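A short write-up of the structure that comes next.
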Amino acid sequence: MKYYDKLVFELSRKGRTGYSLPANDFPVAEAVPDSLRRSEDALLPELSELEVVRHYTLLSQMNFGVDTGFYPLGSCTMKYNPKINEEIASMPAFAGVHPLQKAEGIERIYGEMEKALSEITGMAAFTFAPCAGAHGELTGLMIMRQYHIRRGDLARTKVIVPDSAHGTNPASAAVCGLEVVEVKSLANGRIDVEALKPLLDETVAGIMMTNPNTLGLFETQIDEIASLVHGAGGLLYYDGANMNPLMGVVRPGDMGFDIMHLNLHKTFSTPHGGGGPGSGPVGVAAHLKECMEGIKVSGWRGNFGVILRAYAYILMLGRENIAKVGEYSVLSANYIKESLKDVYRLPIEGVCKHEFVFDGLVNDGAHDDVHGATTLDVAKRLLDFGFHAPTIYFPLLFHQALMIEPTETESKETIDAFIDVMREIAREAAENPATLQEAPHSTPISRPDETTAARNPILKYQDN
Ligand SMILES: *Cc1c(COP(=O)(O)O)cnc(C)c1O
């Protein structure tokens, strides 16, 4: 252990200071009753400025972020967040604005964002209140409910969700008080339209889908699905968390979707991870504008700082370059898929969109693993080479799922380096699987017990 790996509490020395506050001239003693005052001083570390700087700088280096390495996390769109977004969001005129302040410039940004997102998606109007993708889903489903309730069609309480869906879809439907009905995928990864038909009765509120779906595959029968669902009186909800492959190429509105959300913190290049802040604006087709009006899901009009970053990103790219995002993200994903499919199992052949799924390492067919090395081991070993792991064991359709989404922001050299490392790891699995199973070897923490770490996390300093 290096000296500065110690906690700030261990480095603390009584009386050491890095900052001094001006003398207090407020009569605290009279203002705060005894019952509310501390009986002893708070346990705070006492350090010099230099020690504090080292502490936080070292902490920041223990973390993995898109600014420190390639982050091919499928279904997450971990693209580079251009620094101009941050520069604009930190301008005092924006950073200091109060949520209730009526400022002409702010109104204009909301107006132009609504116009830009409507144009990109083919929707008629947007609300910016939702603060995450899942929050957007809930909002969208509340709009769907409103639509049926206003028509007096109260029996429509079922939502159809494909088995490949992101986990938040069935969860949001349940939170909205709707019943979830699953529709199976075919062996080619697309929705089984024949299995969908019998589910479409007078109790169906709608279907939640994403296209391309969570396997990165375009639902080629979307026209037929849309007319079947509409014909049965239901609405189509589009999960647009990952709009990357479609931007400037195809619009959910034109595919027949009535309601959708976007994740500005994925597609529109604002930082995410670690719980936010996010933004999941919801768009609706013209016939649902009124159903959206009465719905209130947050105190303000969403996270303005995130909306502003996305606005800067859209203006920076402009109309022509928005379409290149889609093209390059699809090209990067297909390039990796084709370069690795002789060493990682590709369960569904063909062109993918922005992401794709491998089913573990190529093996003898009788086992999931190679000499005991599994998808988890591949993911852990990648960290030793400075790459973040892909999404693993999701979607649930494949036992050893490795879901890769490179995004459009990586250079060909970085993508080639990733391909080389993935091939090297496949070689190691065959020749020396222990190297994988004991990985990572170079990170601050190697392999915690993942269940204990998630269920009983120790998140604060324990004084003893
Ligand atoms: C990320 C994601 C969500 C959820 O978004 P959050 O902002 O994390 O709530 C929903 N659907 C898909 C397809 C996603 O990738």
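So you can find residues: chains in the structure tokens are A, B, ... in the order shown, residues in each start at 1, and ligands are numbered from 1 in order.
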
- Item | Env. residues ligand 1 / 8 Å / only C-alpha atoms and all ligand atoms / as a PyMOL selection string | chain A and resi 74-77+131-137+165-169+210+213-214+239-242+263+265-266+275-276+278-280

- Query: Hey, what's within 7 Å of A:Leu340 if we count only C-alpha atoms and toss same-chain stuff fewer than 4 positions away? As number ranges by chain, please?
  - Reply: A: 336, 344, 419

Could you write out the selected residues, including all heavy atoms, as an mmCIF file, in the first residue's frame?
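result_12.cif, freshly written:
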```cif
data_model
loop_
_atom_site.group_PDB
_atom_site.id
_atom_site.type_symbol
_atom_site.label_atom_id
_atom_site.label_comp_id
_atom_site.auth_asym_id
_atom_site.auth_seq_id
_atom_site.Cartn_x
_atom_site.Cartn_y
_atom_site.Cartn_z
ATOM 1 N N ILE A 336 -16.086 -4.245 -35.458
ATOM 2 C CA ILE A 336 -15.641 -5.072 -34.320
ATOM 3 C C ILE A 336 -16.255 -6.473 -34.420
ATOM 4 O O ILE A 336 -15.571 -7.485 -34.245
ATOM 5 C CB ILE A 336 -16.019 -4.409 -32.974
ATOM 6 C CG1 ILE A 336 -15.270 -3.088 -32.804
ATOM 7 C CG2 ILE A 336 -15.725 -5.349 -31.799
ATOM 8 C CD1 ILE A 336 -15.600 -2.334 -31.525
ATOM 9 N N TYR A 344 -15.018 -15.133 -30.836
ATOM 10 C CA TYR A 344 -16.174 -14.999 -29.927
ATOM 11 C C TYR A 344 -17.413 -15.458 -30.683
ATOM 12 O O TYR A 344 -17.553 -15.154 -31.871
ATOM 13 C CB TYR A 344 -16.326 -13.550 -29.436
ATOM 14 C CG TYR A 344 -15.189 -13.144 -28.529
ATOM 15 C CD1 TYR A 344 -14.009 -12.631 -29.053
ATOM 16 C CD2 TYR A 344 -15.278 -13.337 -27.154
ATOM 17 C CE1 TYR A 344 -12.937 -12.308 -28.225
ATOM 18 C CE2 TYR A 344 -14.206 -13.013 -26.317
ATOM 19 C CZ TYR A 344 -13.046 -12.493 -26.856
ATOM 20 O OH TYR A 344 -11.988 -12.181 -26.045
ATOM 21 N N ILE A 419 -9.700 -4.620 -30.541
ATOM 22 C CA ILE A 419 -9.836 -5.908 -31.230
ATOM 23 C C ILE A 419 -8.618 -6.794 -30.920
ATOM 24 O O ILE A 419 -8.758 -7.979 -30.596
ATOM 25 C CB ILE A 419 -10.004 -5.692 -32.758
ATOM 26 C CG1 ILE A 419 -11.377 -5.056 -33.035
ATOM 27 C CG2 ILE A 419 -9.833 -7.003 -33.536
ATOM 28 C CD1 ILE A 419 -11.555 -4.520 -34.453
#
```

Test item: residues at most 9 Å from stretch 312-321 of chain A, only C-alpha atoms, excluding those fewer than 5 positions along its chain, as an mmCIF file with all heavy atoms, in the first residue's frame:
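Result file around-v5.cif:
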```cif
data_model
loop_
_atom_site.group_PDB
_atom_site.id
_atom_site.type_symbol
_atom_site.label_atom_id
_atom_site.label_comp_id
_atom_site.auth_asym_id
_atom_site.auth_seq_id
_atom_site.Cartn_x
_atom_site.Cartn_y
_atom_site.Cartn_z
ATOM 1 N N ASN A 81 -17.941 13.067 -24.329
ATOM 2 C CA ASN A 81 -18.739 14.264 -24.087
ATOM 3 C C ASN A 81 -17.887 15.493 -24.388
ATOM 4 O O ASN A 81 -17.005 15.836 -23.604
ATOM 5 C CB ASN A 81 -19.197 14.332 -22.618
ATOM 6 C CG ASN A 81 -19.816 13.026 -22.132
ATOM 7 O OD1 ASN A 81 -19.498 12.537 -21.058
ATOM 8 N ND2 ASN A 81 -20.689 12.454 -22.929
ATOM 9 N N PRO A 82 -18.116 16.136 -25.529
ATOM 10 C CA PRO A 82 -17.245 17.254 -25.933
ATOM 11 C C PRO A 82 -17.161 18.336 -24.853
ATOM 12 O O PRO A 82 -18.156 18.668 -24.212
ATOM 13 C CB PRO A 82 -17.924 17.792 -27.191
ATOM 14 C CG PRO A 82 -18.747 16.667 -27.702
ATOM 15 C CD PRO A 82 -19.189 15.894 -26.502
ATOM 16 N N ILE A 84 -16.797 21.456 -25.013
ATOM 17 C CA ILE A 84 -17.537 22.709 -25.253
ATOM 18 C C ILE A 84 -18.880 22.686 -24.514
ATOM 19 O O ILE A 84 -19.344 23.713 -24.018
ATOM 20 C CB ILE A 84 -17.745 22.974 -26.772
ATOM 21 C CG1 ILE A 84 -18.499 24.294 -27.023
ATOM 22 C CG2 ILE A 84 -18.515 21.870 -27.451
ATOM 23 C CD1 ILE A 84 -17.678 25.359 -27.611
ATOM 24 N N ASN A 85 -19.475 21.492 -24.391
ATOM 25 C CA ASN A 85 -20.750 21.369 -23.643
ATOM 26 C C ASN A 85 -20.568 21.850 -22.206
ATOM 27 O O ASN A 85 -21.411 22.547 -21.654
ATOM 28 C CB ASN A 85 -21.220 19.907 -23.572
ATOM 29 C CG ASN A 85 -21.502 19.286 -24.925
ATOM 30 O OD1 ASN A 85 -21.468 19.964 -25.941
ATOM 31 N ND2 ASN A 85 -21.773 17.988 -24.935
ATOM 32 N N ILE A 88 -19.994 25.684 -21.902
ATOM 33 C CA ILE A 88 -21.234 26.456 -22.030
ATOM 34 C C ILE A 88 -22.103 26.277 -20.780
ATOM 35 O O ILE A 88 -22.639 27.243 -20.246
ATOM 36 C CB ILE A 88 -21.967 26.057 -23.330
ATOM 37 C CG1 ILE A 88 -21.177 26.631 -24.507
ATOM 38 C CG2 ILE A 88 -23.411 26.550 -23.327
ATOM 39 C CD1 ILE A 88 -21.599 26.176 -25.853
ATOM 40 N N ALA A 89 -22.196 25.053 -20.285
ATOM 41 C CA ALA A 89 -23.051 24.812 -19.115
ATOM 42 C C ALA A 89 -22.529 25.519 -17.876
ATOM 43 O O ALA A 89 -23.294 25.813 -16.956
ATOM 44 C CB ALA A 89 -23.172 23.315 -18.866
ATOM 45 N N MET A 113 -34.771 23.416 -28.558
ATOM 46 C CA MET A 113 -34.522 21.987 -28.285
ATOM 47 C C MET A 113 -35.743 21.161 -28.669
ATOM 48 O O MET A 113 -35.627 20.092 -29.261
ATOM 49 C CB MET A 113 -34.217 21.773 -26.796
ATOM 50 C CG MET A 113 -32.751 21.743 -26.472
ATOM 51 S SD MET A 113 -31.851 20.487 -27.408
ATOM 52 C CE MET A 113 -31.897 19.144 -26.238
ATOM 53 N N ALA A 116 -35.705 20.846 -32.378
ATOM 54 C CA ALA A 116 -34.650 19.959 -32.883
ATOM 55 C C ALA A 116 -34.989 18.498 -32.605
ATOM 56 O O ALA A 116 -34.883 17.642 -33.490
ATOM 57 C CB ALA A 116 -33.310 20.322 -32.241
ATOM 58 N N GLY A 248 -30.775 11.215 -37.740
ATOM 59 C CA GLY A 248 -30.593 11.765 -39.085
ATOM 60 C C GLY A 248 -30.792 10.738 -40.186
ATOM 61 O O GLY A 248 -30.617 11.047 -41.362
ATOM 62 N N PHE A 268 -27.139 12.220 -26.685
ATOM 63 C CA PHE A 268 -26.781 13.623 -26.892
ATOM 64 C C PHE A 268 -25.620 14.078 -26.015
ATOM 65 O O PHE A 268 -25.549 15.236 -25.590
ATOM 66 C CB PHE A 268 -28.029 14.501 -26.762
ATOM 67 C CG PHE A 268 -29.032 14.195 -27.852
ATOM 68 C CD1 PHE A 268 -30.007 13.231 -27.668
ATOM 69 C CD2 PHE A 268 -28.941 14.812 -29.095
ATOM 70 C CE1 PHE A 268 -30.902 12.910 -28.678
ATOM 71 C CE2 PHE A 268 -29.833 14.497 -30.116
ATOM 72 C CZ PHE A 268 -30.817 13.544 -29.906
ATOM 73 N N SER A 269 -24.733 13.143 -25.730
ATOM 74 C CA SER A 269 -23.375 13.435 -25.234
ATOM 75 C C SER A 269 -23.293 14.244 -23.950
ATOM 76 O O SER A 269 -22.451 15.107 -23.813
ATOM 77 C CB SER A 269 -22.569 14.155 -26.319
ATOM 78 O OG SER A 269 -22.722 15.546 -26.274
ATOM 79 N N THR A 270 -24.190 13.969 -22.984
ATOM 80 C CA THR A 270 -23.963 14.595 -21.689
ATOM 81 C C THR A 270 -23.492 13.500 -20.739
ATOM 82 O O THR A 270 -23.872 12.346 -20.897
ATOM 83 C CB THR A 270 -25.222 15.304 -21.157
ATOM 84 O OG1 THR A 270 -26.119 14.336 -20.645
ATOM 85 C CG2 THR A 270 -25.891 16.124 -22.238
ATOM 86 N N ILE A 307 -29.939 19.503 -20.422
ATOM 87 C CA ILE A 307 -30.620 19.921 -21.658
ATOM 88 C C ILE A 307 -29.744 20.909 -22.432
ATOM 89 O O ILE A 307 -29.610 20.829 -23.655
ATOM 90 C CB ILE A 307 -32.002 20.523 -21.298
ATOM 91 C CG1 ILE A 307 -32.889 19.426 -20.706
ATOM 92 C CG2 ILE A 307 -32.660 21.200 -22.500
ATOM 93 C CD1 ILE A 307 -34.017 19.931 -19.832
#
```

- A:Pro45: which residues within 12 Å, counting only C-alpha atoms, same-chain residues fewer than 3 positions away excluded, as a PyMOL selection string? chain A and resi 7-18+41-42+48-49+51-52+55+461+463

Write the residues you've just listed into a file as a PDB file, in the first residue's frame, and include C-alpha atoms for each of them.
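Saved the output as again-v9.pdb:
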```pdb
ATOM      1  CA  LEU A   7      -7.878   7.425   3.982  1.00  0.00           C
ATOM      2  CA  VAL A   8      -7.998  11.154   4.745  1.00  0.00           C
ATOM      3  CA  PHE A   9      -9.077  10.202   8.263  1.00  0.00           C
ATOM      4  CA  GLU A  10      -5.861   8.256   8.722  1.00  0.00           C
ATOM      5  CA  LEU A  11      -3.771  11.110   7.311  1.00  0.00           C
ATOM      6  CA  SER A  12      -5.539  13.630   9.562  1.00  0.00           C
ATOM      7  CA  ARG A  13      -3.544  15.443  12.297  1.00  0.00           C
ATOM      8  CA  LYS A  14      -5.212  17.584  14.927  1.00  0.00           C
ATOM      9  CA  GLY A  15      -5.007  21.300  14.171  1.00  0.00           C
ATOM     10  CA  ARG A  16      -3.786  20.970  10.589  1.00  0.00           C
ATOM     11  CA  THR A  17      -5.709  23.256   8.210  1.00  0.00           C
ATOM     12  CA  GLY A  18      -5.937  23.934   4.518  1.00  0.00           C
ATOM     13  CA  ASP A  41     -17.103  18.299  17.451  1.00  0.00           C
ATOM     14  CA  ALA A  42     -17.914  16.554  14.150  1.00  0.00           C
ATOM     15  CA  SER A  48      -3.303  20.672   4.554  1.00  0.00           C
ATOM     16  CA  GLU A  49      -4.367  21.804   1.085  1.00  0.00           C
ATOM     17  CA  GLU A  51      -2.906  16.550   1.150  1.00  0.00           C
ATOM     18  CA  VAL A  52      -6.453  17.270   0.034  1.00  0.00           C
ATOM     19  CA  HIS A  55      -6.362  12.689  -2.015  1.00  0.00           C
ATOM     20  CA  TYR A 461     -15.464   5.644   7.130  1.00  0.00           C
ATOM     21  CA  ASP A 463     -14.442   5.122  13.266  1.00  0.00           C
TER      22      ASP A 463
END
```

- Message: Going by DSSP on the backbone, which residues of stretch 214-386 of chain A come out as strand (DSSP E or B)? List them as a list in words.
- Response: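 Strand (DSSP E or B) members of stretch 214-386 of chain A, listed: Leu235, Leu236, Tyr237, Tyr238, Asp239, Gly240, Ile259, Met260, His261, Leu262, Val282, Gly283, Val284, Tyr344, Phe356, Val357, Phe358, Asp359, Leu361, Val370 and Ala373 of chain A.
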
Quick one: which stretch 404-425 of chain A residues come within 8 Å of stretch 369-387 of chain A, and what is the nearest atom pair for each with the distance in Å to one decimal, counting only C-alpha atoms, rows ordered by chain and ascending number, as a Markdown table?
```
| residue | atom | partner | partner_atom | distance |
| --- | --- | --- | --- | --- |
| A:Phe418 | CA | A:Phe387 | CA | 7.5 |
| A:Val421 | CA | A:Phe385 | CA | 7.3 |
| A:Met422 | CA | A:Leu382 | CA | 7.6 |
| A:Ile425 | CA | A:Val378 | CA | 6.7 |
```

Output for the residues just chosen: N, CA, C and O atoms as a JSON list (two decimals), in the first residue's frame:
```json
[["chain", "number", "residue", "atom", "x", "y", "z"],
["A", 418, "PHE", "N", -8.50, -2.39, -29.36],
["A", 418, "PHE", "CA", -9.48, -3.18, -28.61],
["A", 418, "PHE", "C", -9.63, -4.57, -29.23],
["A", 418, "PHE", "O", -9.64, -5.58, -28.52],
["A", 421, "VAL", "N", -6.67, -6.72, -28.32],
["A", 421, "VAL", "CA", -6.72, -7.17, -26.92],
["A", 421, "VAL", "C", -7.76, -8.28, -26.75],
["A", 421, "VAL", "O", -7.51, -9.28, -26.07],
["A", 422, "MET", "N", -8.91, -8.13, -27.39],
["A", 422, "MET", "CA", -9.94, -9.18, -27.29],
["A", 422, "MET", "C", -9.42, -10.51, -27.87],
["A", 422, "MET", "O", -9.71, -11.58, -27.35],
["A", 425, "ILE", "N", -6.94, -11.96, -25.34],
["A", 425, "ILE", "CA", -7.65, -12.56, -24.21],
["A", 425, "ILE", "C", -8.21, -13.94, -24.61],
["A", 425, "ILE", "O", -8.15, -14.89, -23.82]]
```

- Message: Calculated over only C-alpha atoms, which of the candidates A:Met123, A:Ile445, A:Lys197, A:Phe304 has the smallest distance to A:Gly96?
- Response: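 With only C-alpha atoms as the atom set, the closest residue is A:Phe304.
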
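Distances from A:Glu349, A:Asp163, A:Asp449, A:Asp258 to A:Glu182 were compared using only C-alpha atoms, and the smallest one belongs to A:Asp163.
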
- Task: Name the closest residue to A:Leu228 among the candidates A:Gly256, A:Pro212, A:Pro170, A:Pro448; distances are taken between atoms, counting only C-alpha atoms.
- Result: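 Between A:Gly256, A:Pro212, A:Pro170, A:Pro448, the residue approaching A:Leu228 most closely is A:Gly256.
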
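Comparing A:Ser20, A:Ala174, A:Pro277, A:Lys83 by their smallest distance to A:Asn303, the closest is A:Pro277 (using only C-alpha atoms).
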
Report as a short mmCIF file (atom, residue, chain, number, x, y, z; two decimals) with C-alpha atoms, in the first residue's frame all protein, DNA and RNA residues lying within 10 Å of A:Val284, evaluated on only C-alpha atoms, omitting residues in the same chain fewer than 2 positions from it.
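selection37.cif written:
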```cif
data_model
loop_
_atom_site.label_atom_id
_atom_site.label_comp_id
_atom_site.auth_asym_id
_atom_site.auth_seq_id
_atom_site.Cartn_x
_atom_site.Cartn_y
_atom_site.Cartn_z
CA SER A 118 -39.08 16.79 -32.85
CA THR A 121 -37.53 11.88 -33.99
CA GLY A 122 -40.61 12.75 -36.04
CA MET A 123 -42.63 13.59 -32.91
CA ALA A 124 -44.86 16.68 -32.58
CA ALA A 125 -44.05 17.93 -29.06
CA PHE A 126 -41.73 17.19 -26.13
CA THR A 127 -41.79 17.56 -22.36
CA GLY A 140 -44.80 8.11 -21.50
CA ILE A 143 -49.63 9.59 -21.25
CA MET A 144 -50.68 6.26 -22.78
CA TYR A 237 -44.11 3.40 -27.22
CA GLY A 253 -42.42 8.96 -35.72
CA PHE A 257 -44.57 5.25 -32.88
CA ASP A 258 -46.90 7.50 -30.85
CA ILE A 259 -44.84 8.18 -27.71
CA MET A 260 -41.12 7.97 -26.98
CA HIS A 261 -38.35 9.09 -24.69
CA VAL A 282 -40.71 12.50 -23.76
CA ALA A 286 -49.78 15.37 -32.49
CA HIS A 287 -52.90 13.44 -31.40
CA LEU A 288 -51.44 12.95 -27.89
CA LYS A 289 -50.36 16.52 -27.14
CA GLU A 290 -53.35 17.13 -24.87
CA CYS A 291 -52.81 13.89 -22.96
CA MET A 292 -49.30 15.08 -22.13
#
```
